[in-house]
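Okay, structure.tsv now, which holds TSV, C-alpha atoms:
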chain	number	residue	atom	x	y	z
A	25	MET	CA	96.59	72.96	95.52
A	26	THR	CA	99.52	74.26	93.46
A	27	LYS	CA	101.43	75.93	96.27
A	28	ILE	CA	104.72	75.23	97.98
A	29	ALA	CA	105.18	76.93	101.36
A	30	GLY	CA	102.16	79.11	100.58
A	31	VAL	CA	103.60	80.40	97.31
A	32	PRO	CA	101.68	79.58	94.11
A	33	LEU	CA	103.82	77.61	91.66
A	34	TYR	CA	102.97	80.04	88.89
A	35	GLY	CA	104.72	82.71	90.97
A	36	GLY	CA	107.99	81.10	89.91
A	37	PHE	CA	106.85	81.24	86.31
A	38	MET	CA	106.11	84.94	86.76
A	39	TYR	CA	109.66	85.58	87.96
A	40	ALA	CA	111.01	83.46	85.11
A	41	ALA	CA	108.96	85.54	82.67
A	42	VAL	CA	110.55	88.71	84.04
A	43	ALA	CA	114.02	87.23	83.55
A	44	SER	CA	113.06	86.13	80.05
A	45	TYR	CA	111.89	89.68	79.30
A	46	VAL	CA	115.22	91.12	80.45
A	47	CYS	CA	117.16	88.66	78.28
A	48	ARG	CA	114.98	89.37	75.25
A	49	ALA	CA	115.00	93.15	75.75
A	50	TRP	CA	118.80	93.08	75.97
A	51	ARG	CA	118.95	91.95	72.37
A	52	LEU	CA	115.88	93.69	70.93
A	53	PHE	CA	116.77	97.11	72.33
A	54	GLU	CA	120.49	96.64	71.66
A	55	LEU	CA	121.38	97.56	75.23
A	56	ARG	CA	124.79	99.15	75.79
A	57	PHE	CA	126.21	100.38	79.08
A	58	THR	CA	128.69	102.99	80.17
A	59	GLY	CA	129.96	103.57	83.69
A	60	TYR	CA	128.66	100.22	84.91
A	61	ARG	CA	130.54	98.88	87.95
A	62	ALA	CA	129.87	95.15	87.67
A	63	THR	CA	131.48	93.94	90.90
A	64	ALA	CA	129.95	96.58	93.16
A	65	THR	CA	126.52	96.16	91.58
A	66	ALA	CA	126.73	92.37	91.86
A	67	LEU	CA	127.63	92.58	95.56
A	68	VAL	CA	124.65	94.81	96.29
A	69	ALA	CA	122.38	92.59	94.19
A	70	ALA	CA	123.55	89.57	96.22
A	71	ALA	CA	122.64	91.43	99.42
A	72	VAL	CA	119.24	92.32	97.93
A	73	TYR	CA	118.64	88.65	97.10
A	74	ALA	CA	119.66	87.54	100.60
A	75	ASN	CA	117.33	90.16	102.08
A	76	PHE	CA	114.37	88.75	100.14
A	77	PHE	CA	114.75	85.60	102.23
A	78	SER	CA	116.14	86.93	105.50
A	79	HIS	CA	113.66	89.77	106.07
A	80	HIS	CA	111.20	87.23	107.48
A	81	TRP	CA	113.32	86.75	110.62
A	82	LEU	CA	115.86	89.62	110.43
A	83	PRO	CA	115.32	93.34	109.90
A	84	ASP	CA	114.24	94.28	106.38
A	85	PHE	CA	116.99	96.26	104.68
A	86	ARG	CA	115.17	97.07	101.42
A	87	TRP	CA	115.41	100.85	101.77
A	88	PRO	CA	119.10	100.93	102.71
A	89	LEU	CA	119.85	98.42	99.93
A	90	ALA	CA	117.90	100.55	97.44
A	91	ALA	CA	119.99	103.55	98.49
A	92	VAL	CA	123.24	101.60	98.11
A	93	MET	CA	122.11	100.24	94.71
A	94	THR	CA	121.39	103.80	93.61
A	95	ALA	CA	124.86	104.84	94.78
A	96	VAL	CA	126.74	102.02	93.03
A	97	THR	CA	124.85	102.60	89.78
A	98	ALA	CA	125.35	106.38	89.89
A	99	GLY	CA	127.02	107.35	86.65
A	100	ALA	CA	125.95	104.12	84.93
A	101	TRP	CA	123.89	104.67	81.80
A	102	VAL	CA	121.99	102.27	79.60
A	103	GLY	CA	121.76	103.05	75.90
A	104	PHE	CA	118.94	101.46	73.93
A	105	THR	CA	117.40	101.54	70.48
A	106	VAL	CA	113.74	102.14	69.72
A	107	GLY	CA	113.07	102.03	66.01
A	108	ARG	CA	116.05	103.74	64.44
A	109	ARG	CA	116.81	106.10	67.31
A	110	ARG	CA	119.24	105.62	70.19
A	111	TYR	CA	118.33	106.85	73.64
A	112	ARG	CA	119.92	106.59	77.04
A	113	MET	CA	118.89	106.81	80.67
A	114	PRO	CA	120.45	106.23	84.07
A	115	LEU	CA	120.59	102.52	84.86
A	116	ALA	CA	118.93	103.03	88.26
A	117	LEU	CA	116.01	104.78	86.54
A	118	SER	CA	115.54	101.76	84.28
A	119	PHE	CA	115.24	99.56	87.40
A	120	VAL	CA	112.60	101.90	88.83
A	121	LEU	CA	110.61	102.11	85.60
A	122	ILE	CA	110.60	98.36	85.01
A	123	GLY	CA	109.64	97.82	88.67
A	124	PHE	CA	106.76	100.28	88.28
A	125	PHE	CA	105.37	98.56	85.20
A	126	LEU	CA	105.65	95.16	86.87
A	127	TRP	CA	103.70	96.58	89.84
A	128	VAL	CA	101.03	97.84	87.42
A	129	ALA	CA	100.88	94.38	85.81
A	130	GLU	CA	100.60	92.79	89.25
A	131	ASN	CA	97.66	95.08	90.02
A	132	ALA	CA	95.99	94.08	86.76
A	133	ALA	CA	96.55	90.38	87.51
A	134	THR	CA	95.08	90.60	91.01
A	135	TYR	CA	92.18	92.68	89.73
A	136	LEU	CA	91.40	90.00	87.14
A	137	GLY	CA	91.62	87.30	89.81
A	138	ALA	CA	94.84	85.51	88.84
A	139	TRP	CA	95.61	85.54	92.58
A	140	SER	CA	94.77	87.60	95.64
A	141	TYR	CA	96.83	88.87	98.52
A	142	PRO	CA	95.33	88.50	102.00
A	143	HIS	CA	94.25	92.16	102.08
A	144	GLN	CA	92.31	91.62	98.82
A	145	LEU	CA	90.19	88.69	99.99
A	146	GLY	CA	87.25	90.93	100.97
A	147	GLY	CA	87.35	92.72	97.61
A	148	TRP	CA	90.00	94.01	95.30
A	149	GLU	CA	92.35	96.72	96.54
A	150	PRO	CA	95.56	97.92	94.90
A	151	VAL	CA	98.70	95.92	95.57
A	152	ALA	CA	100.77	97.56	98.29
A	153	LEU	CA	103.15	100.22	97.04
A	154	THR	CA	105.98	98.40	98.83
A	155	LYS	CA	105.69	95.72	96.11
A	156	PHE	CA	106.74	98.37	93.58
A	157	GLY	CA	110.01	98.81	95.44
A	158	ALA	CA	110.43	95.05	95.74
A	159	TRP	CA	110.00	94.69	91.96
A	160	ALA	CA	112.58	97.42	91.30
A	161	LEU	CA	115.06	95.59	93.54
A	162	LEU	CA	114.22	92.24	91.94
A	163	ILE	CA	114.96	93.74	88.52
A	164	SER	CA	118.39	94.82	89.74
A	165	VAL	CA	119.11	91.20	90.74
A	166	THR	CA	117.77	89.94	87.40
A	167	PHE	CA	119.89	92.51	85.56
A	168	VAL	CA	123.08	91.42	87.34
A	169	LEU	CA	122.40	87.75	86.59
A	170	THR	CA	121.73	88.56	82.94
A	171	GLU	CA	124.82	90.75	82.73
A	172	ARG	CA	126.95	87.91	84.11
A	173	LEU	CA	125.49	85.48	81.57
A	174	GLN	CA	125.95	87.96	78.74
A	175	SER	CA	129.56	88.67	79.74
A	176	VAL	CA	130.39	84.96	79.60
A	177	GLY	CA	129.66	85.24	75.86
A	178	GLY	CA	132.02	88.20	75.49
A	179	GLY	CA	131.82	91.98	75.61
A	180	GLU	CA	130.13	92.28	72.23
A	181	ARG	CA	127.06	90.50	73.63
A	182	LEU	CA	127.06	92.62	76.77
A	183	GLY	CA	127.30	95.79	74.76
A	184	ARG	CA	130.26	97.36	76.52
A	185	GLN	CA	131.47	99.02	73.37
A	186	PRO	CA	131.67	102.81	73.49
A	187	GLY	CA	129.04	104.85	71.76
A	188	TRP	CA	125.29	105.01	71.76
Encoded form using structure tokens:
Amino acid sequence: MTKIAGVPLYGGFMYAAVASYVCRAWRLFELRFTGYRATATALVAAAVYANFFSHHWLPDFRWPLAAVMTAVTAGAWVGFTVGRRRYRMPLALSFVLIGFFLWVAENAATYLGAWSYPHQLGGWEPVALTKFGAWALLISVTFVLTERLQSVGGGERLGRQPGW
């Protein structure tokens, strides 16, 4: 009863929660970036977003887009603080890790009955591994949107200062 075009309304809230997490983590972990190519990454993220809609009637380009996203973020690092220590990792790896944990959360939610995919109607089965890749790509889109919003406030909010 709470669906639009077959999509539960709380699905939108789930995506909003992911975006909220990214915005909050930006500040809490004091994210800083080096080697980030904003324009190239934004163009690929726009193609990823378009593919989320167009893959229903056009070929699905997730894998090629994932490869291109990996290429444009090569050399981009994210620095972050946990406690009093600074760490860093490749930006593309952060997309993969966040996507993985979202996929794990999605499995927990379907296991607990928050919703079911068609293949789970006869009994719970893990969410398809392809959803893991979709989450990693979605995070790249969310990151670019957040980066654009942060950069409107100035470089100090984005964390483009040198140093970790």
Selected residue, from A:Leu55, A:Val46, A:Val168, A:Ala133, that lies nearest to Tyr111 of chain A when counting only C-alpha atoms: A:Leu55
Ser140 of chain A environment, 12 Å, all atoms listed in the file, sequence neighbours closer than 2 positions dropped, as JSON, numbers by chain: {"A": [31, 32, 130, 131, 132, 133, 134, 135, 136, 137, 138, 142, 143, 144, 145, 146, 147, 148, 149, 150, 151, 152]}
Could you take the residues named above and write them with C-alpha atoms, as a PDB file, in the coordinates of the input?
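part12.pdb, freshly written:
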ATOM      1  CA  VAL A  31     103.600  80.400  97.310  1.00  0.00           C
ATOM      2  CA  PRO A  32     101.680  79.580  94.110  1.00  0.00           C
ATOM      3  CA  GLU A 130     100.600  92.790  89.250  1.00  0.00           C
ATOM      4  CA  ASN A 131      97.660  95.080  90.020  1.00  0.00           C
ATOM      5  CA  ALA A 132      95.990  94.080  86.760  1.00  0.00           C
ATOM      6  CA  ALA A 133      96.550  90.380  87.510  1.00  0.00           C
ATOM      7  CA  THR A 134      95.080  90.600  91.010  1.00  0.00           C
ATOM      8  CA  TYR A 135      92.180  92.680  89.730  1.00  0.00           C
ATOM      9  CA  LEU A 136      91.400  90.000  87.140  1.00  0.00           C
ATOM     10  CA  GLY A 137      91.620  87.300  89.810  1.00  0.00           C
ATOM     11  CA  ALA A 138      94.840  85.510  88.840  1.00  0.00           C
ATOM     12  CA  PRO A 142      95.330  88.500 102.000  1.00  0.00           C
ATOM     13  CA  HIS A 143      94.250  92.160 102.080  1.00  0.00           C
ATOM     14  CA  GLN A 144      92.310  91.620  98.820  1.00  0.00           C
ATOM     15  CA  LEU A 145      90.190  88.690  99.990  1.00  0.00           C
ATOM     16  CA  GLY A 146      87.250  90.930 100.970  1.00  0.00           C
ATOM     17  CA  GLY A 147      87.350  92.720  97.610  1.00  0.00           C
ATOM     18  CA  TRP A 148      90.000  94.010  95.300  1.00  0.00           C
ATOM     19  CA  GLU A 149      92.350  96.720  96.540  1.00  0.00           C
ATOM     20  CA  PRO A 150      95.560  97.920  94.900  1.00  0.00           C
ATOM     21  CA  VAL A 151      98.700  95.920  95.570  1.00  0.00           C
ATOM     22  CA  ALA A 152     100.770  97.560  98.290  1.00  0.00           C
TER      23      ALA A 152
END
Gap from atom CA of Met93 of chain A to atom CA of Thr63 of chain A - Å, one decimal: 11.9 Å
Polymer residues at most 8 Å from Ala70 of chain A, all atoms listed in the file, same-chain spacing of 4 or more positions, as JSON, numbers by chain: {"A": [66, 74, 165]}
Residues within 12 Å of Gly107 of chain A, all atoms listed in the file, excluding chain neighbours under 2 positions, as a list in words: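 Residues meeting the cut-off are Leu52, Phe53, Glu54, Phe104, Thr105, Arg109, Arg110 and Tyr111 of chain A.
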Point-to-point distance from atom CA of Arg51 of chain A to atom CA of Arg112 of chain A, Å rounded to tenths: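 These atoms are spaced 15.4 Å apart.
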Distance query Phe124 of chain A at most 12 Å, all atoms listed in the file, self and fewer than 6 positions along chain excluded, as a PyMOL selection string: chain A and resi 117-118+130-131+151-163
Among the residues A:Ala98, A:Arg61, A:Ser175, A:Phe37, the one that comes closest to Leu115 of chain A [using all atoms listed in the file]: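 Using all atoms listed in the file, Leu115 of chain A sits closest to A:Ala98.
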Nearest to Glu171 of chain A, chosen from A:Phe76, A:Phe125, A:Phe57, A:Trp139, with all atoms listed in the file counted in the distances: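 Smallest distance to Glu171 of chain A is found for A:Phe57.
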Contact residues around Ala95 of chain A with only C-alpha atoms at 12 Å, ignoring same-chain residues under 3 positions, as a list in words: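 My list of contacting residues is Tyr60, Arg61, Ala64, Thr65, Val68, Pro88, Leu89, Ala90, Ala91, Val92, Ala98, Gly99, Ala100, Pro114, Leu115 and Ala116 of chain A.
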Nearest candidate to Val72 of chain A (options A:Thr166, A:Ala49, A:Gln174, A:Trp101; using all atoms listed in the file): A:Thr166
Atomic separation - atom CA of Trp50 of chain A relative to atom CA of Phe167 of chain A, Å: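 Interatomic distance here is 9.7 Å.
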Counting all atoms listed in the file, the option among A:Ala129, A:Ala71, A:Ile122, A:Val176 closest to Met38 of chain A: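 Among A:Ala129, A:Ala71, A:Ile122, A:Val176, it is A:Ala129 that comes nearest to Met38 of chain A.
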Selected residue, from A:Met113, A:Ala41, A:Ala69, A:Val96, that lies nearest to Leu169 of chain A when counting only C-alpha atoms: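 Residue with the minimum atom-to-atom distance to Leu169 of chain A: A:Ala69.
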